[in-house]
Amino acid sequence: MLALDIAGLEMRFPGLDTPVLSIDKLHLAAGGGLAITGASGSGKSTLVNVVTGLERATQGSVSWGETEITRLPTGRRDAFRAAHIGLVMQDFHLFPGLSAYENVVLPVRLARRLKPAERERALHLLEITGIARPGQPIETLSRGEMQRVAVARALLSKPGVIVADEPTASLDRRIGGEVADLIVRLARAEGATLLVVTHDPALVERIGRHIVLDGGRIVEDAGKAEAA
Amino acid sequence: MMGFILADLRRFKGGALAVVVLIALSVALSVAVTLQERAVRLGSARAAEKFDLVVGAAGSETQLALSAVFLQPSPLPLMSGAVLEKLARDPRVSFAAPVGFGDSADGRPVVGTTTALVAALSPTLAEGAVFARLGEAVIGADVPMRLGAKIKPMHGAADSGGHTHVELAYTVRGRMAPTGTAWDRAILVPIRAVWQLHGMGAEAEHAHDHGDEAPDGAAAEDHDHAVHVEADAALDEHFDAETPGIPAVLVKPKTMGDAYRLRQEYRGETTLAVFPAEVLTRLYATLGDARSLLLAIAIATQAIVVAAILLVTIMHVGARRRQIGALRAFGAPRRAVFAIVWGELFLLLLAGFALGLAIGYGAARAISAALASTTAVHMPVEFARADLSLAMWFAALAVLVSIVPALSALRLSPAAALRA
């Protein structure tokens, strides 16, 4: 598990006068949870991209534990993300033509040889996320099942952090609730720091700490005391 | 990695197939042009090498060479029979064989000549024996007739309004071994039989009684129908000054020097002497120009195809931005993304190249077979060392071309790609 520290972070896009994201200071304890809400355009996705190293910060620093990822070059940022950050996205981003199991191990396989222990873990993760047939082609799964496979994929490398971007937004209420439950439960079980962007009040409540973004700034930070 | 590439190609199998077929067809065009040109060149060179020197009446060199080597039907002017007599007695000549064209049977040329030419074309016969009487014939290896069969010669060719000679039917006595030349389709008969059929037996009057026609070109066209040919008469292959007119004499000089001297001597006002190989070389130069043109067109086609493929793949990369972004986001290193995009395109190019090679080779074989069936000239379709460097160029180009979209995939920011 890794703690998040943000200091003096600013994201600007060319042609825009005001920064799309501006966070003076944010600390999230290792193993803690954080829900991020805000209207669309409030900077949520940009925040996710910066903390996962998908996008380079214009200014300021973002650190996970001892690693200041804003200082890493692209290749090492990618490597850090692959090793320490499990991503779950609204649109799943699974690869058709491959089975559920192959999707879970794909990122590792593209980087290096899969270890036998990872193979075991992938099958185990599919089992606990409720995918009965790991060999089933991904495109034949239901949407809820697809997101479960995505959760299993996020957890394969035992990441210290799980970042979920609207993980339930494209699922119906009941299924979304189940997936939200799965993410929160597994993050705790694995001892991973959890960062979730969501509109789902039930999910926000389960996580505890909650920040609200507006115009790229944190306008509300609730439940900090309990979470810390 | 490979599994992912294959899964990806399976997803886009329609497009992948189209790309492979496009490349295959353009490659096949170049391969067929290259191979076919080589086949025609080698085939006709081999067909010509048996005929060192051809002497004929003054006229077109090309026509003389083509008629003698490929037995192409054409009205050659006749030259005086005295030339044959002179050549036959020349000490620098190992043999001089007259060839008399004009007749055909079932679309195959009936050529009047002597046993010396049969021996030169086929030192040992495949079966039977050489003609020994005026009414006998030796057939080329490709003529579908059996020994003992009767051949009714036709003046000219059936499709140009010829008529059948009723006076004589040749009996097939022997078959030559395959020579890989146009002569495989030919029916060889004694030259004197041809002369007599056409009423040109000027010196034949001691055998028969109608030698009053002048041995000139006109005689061959409107000959007397009342001629009579003695099919059982023995061969007479001694030619003297009274010998009738002939279109061409094939000459085998004893040495290279003799060949050049003979050619020099028989280049005059009334006769023409050519090295068929030399005439063909000149024709190949034209053929070579045609090949260069075709090849340039083929290469231009390939360039267009490659450009179209580049466009398609760059658009494809654009359409796959999300997939590429996701691969990066979930931890695939950039080299893996590069390898996937590059590998997919390279595989398609390679598959198209292999398929094109096969199609081009097949097409060249088919064309050669078709040519061989009409001309009997065997045209060998074969790859040469020079083709290897062409293949290397293609491979290098394929590597470079497939790098472009791979680089464009690398330049994508994963965050931006995911938003797409």
# chains A, B, ... in the order shown; residues from 1 in each chain; ligands from 1

call {"tool": "closest_atom_pairs", "arguments": {"of": "range 28-142 of chain B", "to": "range 261-281 of chain B", "cutoff": "9 Å", "atoms": "only C-alpha atoms", "output": "JSON lines"}}
result
{"residue": "B:Arg41", "atom": "CA", "partner": "B:Leu280", "partner_atom": "CA", "distance": 8.7}
{"residue": "B:Ser44", "atom": "CA", "partner": "B:Leu280", "partner_atom": "CA", "distance": 7.8}
{"residue": "B:Ala45", "atom": "CA", "partner": "B:Ala277", "partner_atom": "CA", "distance": 6.5}
{"residue": "B:Ala48", "atom": "CA", "partner": "B:Ala277", "partner_atom": "CA", "distance": 5.7}
{"residue": "B:Glu49", "atom": "CA", "partner": "B:Ala277", "partner_atom": "CA", "distance": 6.6}
{"residue": "B:Phe51", "atom": "CA", "partner": "B:Pro276", "partner_atom": "CA", "distance": 6.9}
{"residue": "B:Asp52", "atom": "CA", "partner": "B:Phe275", "partner_atom": "CA", "distance": 5.9}
{"residue": "B:Leu53", "atom": "CA", "partner": "B:Phe275", "partner_atom": "CA", "distance": 4.8}
{"residue": "B:Val54", "atom": "CA", "partner": "B:Val274", "partner_atom": "CA", "distance": 5.4}
{"residue": "B:Val55", "atom": "CA", "partner": "B:Ala273", "partner_atom": "CA", "distance": 4.3}
{"residue": "B:Gly56", "atom": "CA", "partner": "B:Leu272", "partner_atom": "CA", "distance": 5.2}
{"residue": "B:Ala57", "atom": "CA", "partner": "B:Thr271", "partner_atom": "CA", "distance": 4.3}
{"residue": "B:Ala58", "atom": "CA", "partner": "B:Thr271", "partner_atom": "CA", "distance": 4.5}
{"residue": "B:Gly59", "atom": "CA", "partner": "B:Leu272", "partner_atom": "CA", "distance": 7.1}
{"residue": "B:Ser60", "atom": "CA", "partner": "B:Leu272", "partner_atom": "CA", "distance": 8.5}
{"residue": "B:Glu61", "atom": "CA", "partner": "B:Val274", "partner_atom": "CA", "distance": 6.6}
{"residue": "B:Thr62", "atom": "CA", "partner": "B:Val279", "partner_atom": "CA", "distance": 6.2}
{"residue": "B:Leu64", "atom": "CA", "partner": "B:Val274", "partner_atom": "CA", "distance": 8.0}
{"residue": "B:Ala65", "atom": "CA", "partner": "B:Pro276", "partner_atom": "CA", "distance": 4.9}
{"residue": "B:Leu66", "atom": "CA", "partner": "B:Pro276", "partner_atom": "CA", "distance": 7.7}
{"residue": "B:Ala68", "atom": "CA", "partner": "B:Pro276", "partner_atom": "CA", "distance": 8.2}
{"residue": "B:Val69", "atom": "CA", "partner": "B:Pro276", "partner_atom": "CA", "distance": 7.3}
{"residue": "B:Met79", "atom": "CA", "partner": "B:Thr271", "partner_atom": "CA", "distance": 7.0}
{"residue": "B:Ser80", "atom": "CA", "partner": "B:Thr270", "partner_atom": "CA", "distance": 8.7}
{"residue": "B:Val83", "atom": "CA", "partner": "B:Thr271", "partner_atom": "CA", "distance": 8.5}
{"residue": "B:Arg92", "atom": "CA", "partner": "B:Leu262", "partner_atom": "CA", "distance": 8.3}
{"residue": "B:Val93", "atom": "CA", "partner": "B:Leu262", "partner_atom": "CA", "distance": 8.8}

call {"tool": "residues_around", "arguments": {"residues": "Ala57 in chain A", "least_positions_apart": "5", "cutoff": "7 Å", "atoms": "only C-alpha atoms", "output": "CSV table (one decimal) with N, CA, C and O atoms, in the first residue's frame"}}
result
chain,number,residue,atom,x,y,z
A,10,GLU,N,-0.6,21.7,-10.6
A,10,GLU,CA,-1.3,22.5,-11.5
A,10,GLU,C,-1.3,21.9,-12.9
A,10,GLU,O,-0.3,21.4,-13.4
A,11,MET,N,-2.5,21.8,-13.5
A,11,MET,CA,-2.6,21.2,-14.9
A,11,MET,C,-3.2,22.3,-15.8
A,11,MET,O,-4.2,22.8,-15.5
A,50,VAL,N,-3.3,12.3,-13.8
A,50,VAL,CA,-2.1,12.8,-13.3
A,50,VAL,C,-1.6,11.8,-12.2
A,50,VAL,O,-0.4,11.5,-12.2
A,70,THR,N,5.8,12.5,-10.8
A,70,THR,CA,5.9,13.6,-11.7
A,70,THR,C,7.3,13.9,-12.2
A,70,THR,O,7.5,14.6,-13.1

call {"tool": "residues_around", "arguments": {"residues": "Ala30 in chain A", "least_positions_apart": "4", "cutoff": "6 Å", "atoms": "only C-alpha atoms", "output": "ChimeraX atom specification"}}
result
/A:1-3,193

call {"tool": "select_by_dssp", "arguments": {"residues": "chain A", "states": "strand (DSSP E)", "output": "MDAnalysis selection string"}}
result
chainID A and resid 4:11 21:28 33:38 59:64 67:68 85:89 161:165 193:197 210:214 217:222

call {"tool": "residues_around", "arguments": {"residues": "range 196-199 of chain A", "least_positions_apart": "6", "cutoff": "8 Å", "atoms": "only C-alpha atoms", "output": "MDAnalysis selection string"}}
result
chainID A and resid 33:38 44:45 48 163:169

call {"tool": "interface_residues", "arguments": {"of": "chain B", "to": "chain A", "cutoff": "9 Å", "atoms": "only C-alpha atoms", "output": "MDAnalysis selection string"}}
result
chainID B and resid 1 3:4 7:8 10:11 322:323 326:337 413:416

call {"tool": "write_last_selection", "arguments": {"atoms": "N, CA, C and O atoms", "output": "mmCIF file, in the first residue's frame"}}
result
data_model
loop_
_atom_site.group_PDB
_atom_site.id
_atom_site.type_symbol
_atom_site.label_atom_id
_atom_site.label_comp_id
_atom_site.auth_asym_id
_atom_site.auth_seq_id
_atom_site.Cartn_x
_atom_site.Cartn_y
_atom_site.Cartn_z
ATOM 1 N N MET B 1 2.236 -12.080 -26.968
ATOM 2 C CA MET B 1 2.364 -11.033 -27.987
ATOM 3 C C MET B 1 1.787 -11.500 -29.322
ATOM 4 O O MET B 1 0.882 -10.882 -29.880
ATOM 5 N N GLY B 3 -0.054 -14.052 -29.775
ATOM 6 C CA GLY B 3 -1.461 -14.397 -29.571
ATOM 7 C C GLY B 3 -2.325 -13.165 -29.686
ATOM 8 O O GLY B 3 -3.385 -13.196 -30.315
ATOM 9 N N PHE B 4 -1.849 -12.069 -29.103
ATOM 10 C CA PHE B 4 -2.623 -10.832 -29.156
ATOM 11 C C PHE B 4 -2.711 -10.330 -30.592
ATOM 12 O O PHE B 4 -3.778 -9.937 -31.065
ATOM 13 N N ALA B 7 -5.139 -12.503 -32.455
ATOM 14 C CA ALA B 7 -6.511 -12.230 -32.031
ATOM 15 C C ALA B 7 -6.988 -10.929 -32.665
ATOM 16 O O ALA B 7 -8.125 -10.807 -33.127
ATOM 17 N N ASP B 8 -6.064 -9.967 -32.709
ATOM 18 C CA ASP B 8 -6.398 -8.665 -33.274
ATOM 19 C C ASP B 8 -6.679 -8.784 -34.772
ATOM 20 O O ASP B 8 -7.626 -8.204 -35.293
ATOM 21 N N ARG B 10 -7.663 -11.424 -36.297
ATOM 22 C CA ARG B 10 -8.934 -12.145 -36.467
ATOM 23 C C ARG B 10 -10.106 -11.174 -36.383
ATOM 24 O O ARG B 10 -11.069 -11.293 -37.123
ATOM 25 N N ARG B 11 -9.976 -10.199 -35.490
ATOM 26 C CA ARG B 11 -11.059 -9.220 -35.342
ATOM 27 C C ARG B 11 -11.243 -8.415 -36.616
ATOM 28 O O ARG B 11 -12.344 -8.052 -36.983
ATOM 29 N N ARG B 322 -8.090 4.191 -28.792
ATOM 30 C CA ARG B 322 -8.563 3.780 -27.467
ATOM 31 C C ARG B 322 -7.889 2.492 -27.030
ATOM 32 O O ARG B 322 -7.449 2.360 -25.892
ATOM 33 N N GLN B 323 -7.806 1.545 -27.984
ATOM 34 C CA GLN B 323 -7.201 0.270 -27.642
ATOM 35 C C GLN B 323 -5.736 0.461 -27.252
ATOM 36 O O GLN B 323 -5.253 -0.098 -26.265
ATOM 37 N N ALA B 326 -5.471 2.171 -23.969
ATOM 38 C CA ALA B 326 -5.788 1.247 -22.882
ATOM 39 C C ALA B 326 -4.610 0.315 -22.604
ATOM 40 O O ALA B 326 -4.257 0.080 -21.442
ATOM 41 N N LEU B 327 -3.997 -0.180 -23.695
ATOM 42 C CA LEU B 327 -2.838 -1.070 -23.501
ATOM 43 C C LEU B 327 -1.779 -0.371 -22.661
ATOM 44 O O LEU B 327 -1.229 -0.940 -21.720
ATOM 45 N N ARG B 328 -1.521 0.902 -23.022
ATOM 46 C CA ARG B 328 -0.515 1.665 -22.269
ATOM 47 C C ARG B 328 -0.972 1.877 -20.830
ATOM 48 O O ARG B 328 -0.200 1.702 -19.892
ATOM 49 N N ALA B 329 -2.246 2.255 -20.661
ATOM 50 C CA ALA B 329 -2.754 2.568 -19.324
ATOM 51 C C ALA B 329 -2.648 1.358 -18.413
ATOM 52 O O ALA B 329 -2.295 1.482 -17.242
ATOM 53 N N PHE B 330 -2.925 0.182 -18.963
ATOM 54 C CA PHE B 330 -2.912 -1.007 -18.112
ATOM 55 C C PHE B 330 -1.525 -1.608 -17.953
ATOM 56 O O PHE B 330 -1.371 -2.706 -17.470
ATOM 57 N N GLY B 331 -0.535 -0.886 -18.432
ATOM 58 C CA GLY B 331 0.822 -1.296 -18.100
ATOM 59 C C GLY B 331 1.617 -1.952 -19.196
ATOM 60 O O GLY B 331 2.721 -2.430 -18.950
ATOM 61 N N ALA B 332 1.078 -2.024 -20.449
ATOM 62 C CA ALA B 332 1.906 -2.569 -21.525
ATOM 63 C C ALA B 332 2.996 -1.555 -21.845
ATOM 64 O O ALA B 332 2.704 -0.381 -22.017
ATOM 65 N N PRO B 333 4.256 -1.996 -21.868
ATOM 66 C CA PRO B 333 5.321 -1.038 -22.167
ATOM 67 C C PRO B 333 5.216 -0.530 -23.597
ATOM 68 O O PRO B 333 4.593 -1.162 -24.450
ATOM 69 N N ARG B 334 5.826 0.609 -23.855
ATOM 70 C CA ARG B 334 5.711 1.204 -25.186
ATOM 71 C C ARG B 334 6.270 0.287 -26.269
ATOM 72 O O ARG B 334 5.760 0.229 -27.368
ATOM 73 N N ARG B 335 7.336 -0.454 -25.894
ATOM 74 C CA ARG B 335 7.919 -1.330 -26.928
ATOM 75 C C ARG B 335 6.915 -2.396 -27.349
ATOM 76 O O ARG B 335 6.877 -2.822 -28.507
ATOM 77 N N ALA B 336 6.057 -2.830 -26.395
ATOM 78 C CA ALA B 336 5.058 -3.845 -26.731
ATOM 79 C C ALA B 336 4.033 -3.265 -27.698
ATOM 80 O O ALA B 336 3.649 -3.911 -28.682
ATOM 81 N N VAL B 337 3.609 -2.023 -27.425
ATOM 82 C CA VAL B 337 2.634 -1.380 -28.314
ATOM 83 C C VAL B 337 3.237 -1.213 -29.701
ATOM 84 O O VAL B 337 2.605 -1.522 -30.722
ATOM 85 N N SER B 413 -0.561 10.048 -26.684
ATOM 86 C CA SER B 413 -0.556 10.095 -25.225
ATOM 87 C C SER B 413 -1.673 9.170 -24.759
ATOM 88 O O SER B 413 -2.794 9.245 -25.266
ATOM 89 N N PRO B 414 -1.389 8.256 -23.826
ATOM 90 C CA PRO B 414 -2.414 7.297 -23.431
ATOM 91 C C PRO B 414 -3.678 7.974 -22.889
ATOM 92 O O PRO B 414 -4.784 7.519 -23.151
ATOM 93 N N ALA B 415 -3.476 9.068 -22.157
ATOM 94 C CA ALA B 415 -4.645 9.744 -21.588
ATOM 95 C C ALA B 415 -5.524 10.297 -22.706
ATOM 96 O O ALA B 415 -6.745 10.119 -22.703
ATOM 97 N N ALA B 416 -4.867 10.929 -23.698
ATOM 98 C CA ALA B 416 -5.618 11.493 -24.813
ATOM 99 C C ALA B 416 -6.280 10.374 -25.609
ATOM 100 O O ALA B 416 -7.408 10.495 -26.065
#

call {"tool": "decode", "arguments": {"residues": "range 21-150 of chain A", "atoms": "C-alpha atoms", "output": "compact mmCIF listing (two decimals), in the first residue's frame"}}
result
# COMPACT_ATOMS: atom_id res chain seq x y z
CA LEU A 21 -6.70 21.39 -12.13
CA SER A 22 -5.12 23.19 -9.22
CA ILE A 23 -4.53 21.32 -5.96
CA ASP A 24 -2.37 22.89 -3.32
CA LYS A 25 -2.11 19.99 -1.00
CA LEU A 26 -3.70 16.59 -0.71
CA HIS A 27 -2.64 13.70 1.45
CA LEU A 28 -4.15 10.23 1.44
CA ALA A 29 -2.83 7.75 3.94
CA ALA A 30 -1.55 4.37 2.77
CA GLY A 31 -4.44 1.92 2.65
CA GLY A 32 -6.98 4.73 2.88
CA GLY A 33 -9.89 5.38 0.60
CA LEU A 34 -10.87 8.52 -1.29
CA ALA A 35 -13.98 9.25 -3.33
CA ILE A 36 -13.83 12.10 -5.82
CA THR A 37 -17.00 13.72 -7.10
CA GLY A 38 -17.77 16.79 -9.12
CA ALA A 39 -19.66 17.92 -12.17
CA SER A 40 -18.29 16.96 -15.55
CA GLY A 41 -15.44 19.26 -16.50
CA SER A 42 -14.53 19.77 -12.88
CA GLY A 43 -11.15 18.11 -13.37
CA LYS A 44 -11.85 14.61 -12.03
CA SER A 45 -10.50 12.74 -15.02
CA THR A 46 -7.49 15.03 -15.22
CA LEU A 47 -6.77 14.26 -11.58
CA VAL A 48 -6.98 10.54 -12.27
CA ASN A 49 -4.66 10.89 -15.27
CA VAL A 50 -2.08 12.81 -13.26
CA VAL A 51 -2.04 10.52 -10.23
CA THR A 52 -1.77 7.45 -12.44
CA GLY A 53 0.98 9.05 -14.52
CA LEU A 54 -0.99 8.85 -17.74
CA GLU A 55 -0.53 12.57 -18.12
CA ARG A 56 2.38 14.77 -17.19
CA ALA A 57 1.70 17.53 -14.65
CA THR A 58 2.31 21.10 -15.76
CA GLN A 59 3.59 22.00 -12.32
CA GLY A 60 3.87 20.60 -8.82
CA SER A 61 4.43 17.10 -7.56
CA VAL A 62 2.54 13.88 -7.12
CA SER A 63 4.11 11.15 -4.99
CA TRP A 64 3.08 7.61 -4.20
CA GLY A 65 4.99 6.58 -1.11
CA GLU A 66 8.62 7.48 -1.73
CA THR A 67 8.22 7.79 -5.51
CA GLU A 68 7.58 11.20 -6.98
CA ILE A 69 5.98 10.10 -10.26
CA THR A 70 5.86 13.63 -11.66
CA ARG A 71 9.64 13.46 -11.95
CA LEU A 72 9.81 10.14 -13.78
CA PRO A 73 10.30 9.95 -17.55
CA THR A 74 7.45 8.40 -19.58
CA GLY A 75 8.87 4.88 -19.71
CA ARG A 76 9.49 4.66 -15.95
CA ARG A 77 6.11 6.21 -15.23
CA ASP A 78 4.53 3.49 -17.35
CA ALA A 79 6.54 0.87 -15.51
CA PHE A 80 5.56 2.33 -12.13
CA ARG A 81 1.90 2.31 -13.08
CA ALA A 82 2.14 -1.27 -14.32
CA ALA A 83 3.72 -2.38 -11.05
CA HIS A 84 1.85 -0.33 -8.46
CA ILE A 85 -1.43 1.02 -9.78
CA GLY A 86 -4.45 -1.10 -10.64
CA LEU A 87 -6.81 0.71 -13.02
CA VAL A 88 -10.54 0.13 -13.43
CA MET A 89 -12.31 2.26 -16.04
CA GLN A 90 -15.91 3.06 -16.84
CA ASP A 91 -15.64 1.41 -20.29
CA PHE A 92 -13.77 -1.70 -19.05
CA HIS A 93 -11.25 -1.54 -21.94
CA LEU A 94 -11.12 -5.29 -22.35
CA PHE A 95 -9.81 -6.80 -25.57
CA PRO A 96 -12.24 -8.75 -27.71
CA GLY A 97 -10.93 -11.95 -29.24
CA LEU A 98 -9.24 -12.92 -25.98
CA SER A 99 -10.69 -14.94 -23.10
CA ALA A 100 -11.40 -13.54 -19.64
CA TYR A 101 -8.20 -15.12 -18.33
CA GLU A 102 -6.13 -13.83 -21.26
CA ASN A 103 -7.45 -10.34 -20.64
CA VAL A 104 -6.40 -10.48 -16.99
CA VAL A 105 -2.83 -11.50 -17.79
CA LEU A 106 -2.44 -9.44 -21.02
CA PRO A 107 -0.64 -6.38 -19.55
CA VAL A 108 1.92 -8.58 -17.79
CA ARG A 109 2.37 -10.81 -20.82
CA LEU A 110 3.02 -7.85 -23.07
CA ALA A 111 5.75 -6.68 -20.71
CA ARG A 112 7.42 -9.98 -19.86
CA ARG A 113 7.00 -13.68 -19.28
CA LEU A 114 4.11 -14.65 -17.03
CA LYS A 115 5.25 -16.34 -13.79
CA PRO A 116 3.43 -19.51 -12.66
CA ALA A 117 2.42 -17.71 -9.45
CA GLU A 118 0.80 -14.96 -11.52
CA ARG A 119 -1.09 -17.56 -13.49
CA GLU A 120 -2.41 -19.01 -10.24
CA ARG A 121 -3.30 -15.58 -8.96
CA ALA A 122 -5.13 -14.64 -12.14
CA LEU A 123 -7.30 -17.76 -11.89
CA HIS A 124 -7.84 -17.14 -8.18
CA LEU A 125 -8.87 -13.52 -8.82
CA LEU A 126 -11.33 -14.58 -11.51
CA GLU A 127 -12.78 -17.04 -9.04
CA ILE A 128 -13.27 -14.51 -6.25
CA THR A 129 -14.67 -11.91 -8.68
CA GLY A 130 -17.24 -14.53 -9.68
CA ILE A 131 -16.19 -15.46 -13.21
CA ALA A 132 -17.02 -19.14 -13.48
CA ARG A 133 -15.31 -19.89 -16.80
CA PRO A 134 -11.94 -18.15 -17.25
CA GLY A 135 -11.67 -19.48 -20.81
CA GLN A 136 -14.86 -17.78 -21.97
CA PRO A 137 -14.38 -15.23 -24.77
CA ILE A 138 -14.66 -11.77 -23.28
CA GLU A 139 -17.25 -10.51 -25.75
CA THR A 140 -19.74 -13.15 -24.63
CA LEU A 141 -19.77 -11.91 -21.01
CA SER A 142 -22.39 -9.59 -19.54
CA ARG A 143 -21.38 -6.00 -18.76
CA GLY A 144 -21.29 -6.71 -15.05
CA GLU A 145 -19.03 -9.69 -15.66
CA MET A 146 -16.79 -7.62 -17.89
CA GLN A 147 -16.21 -5.10 -15.12
CA ARG A 148 -15.43 -7.95 -12.73
CA VAL A 149 -12.80 -9.20 -15.16
CA ALA A 150 -11.42 -5.64 -15.29
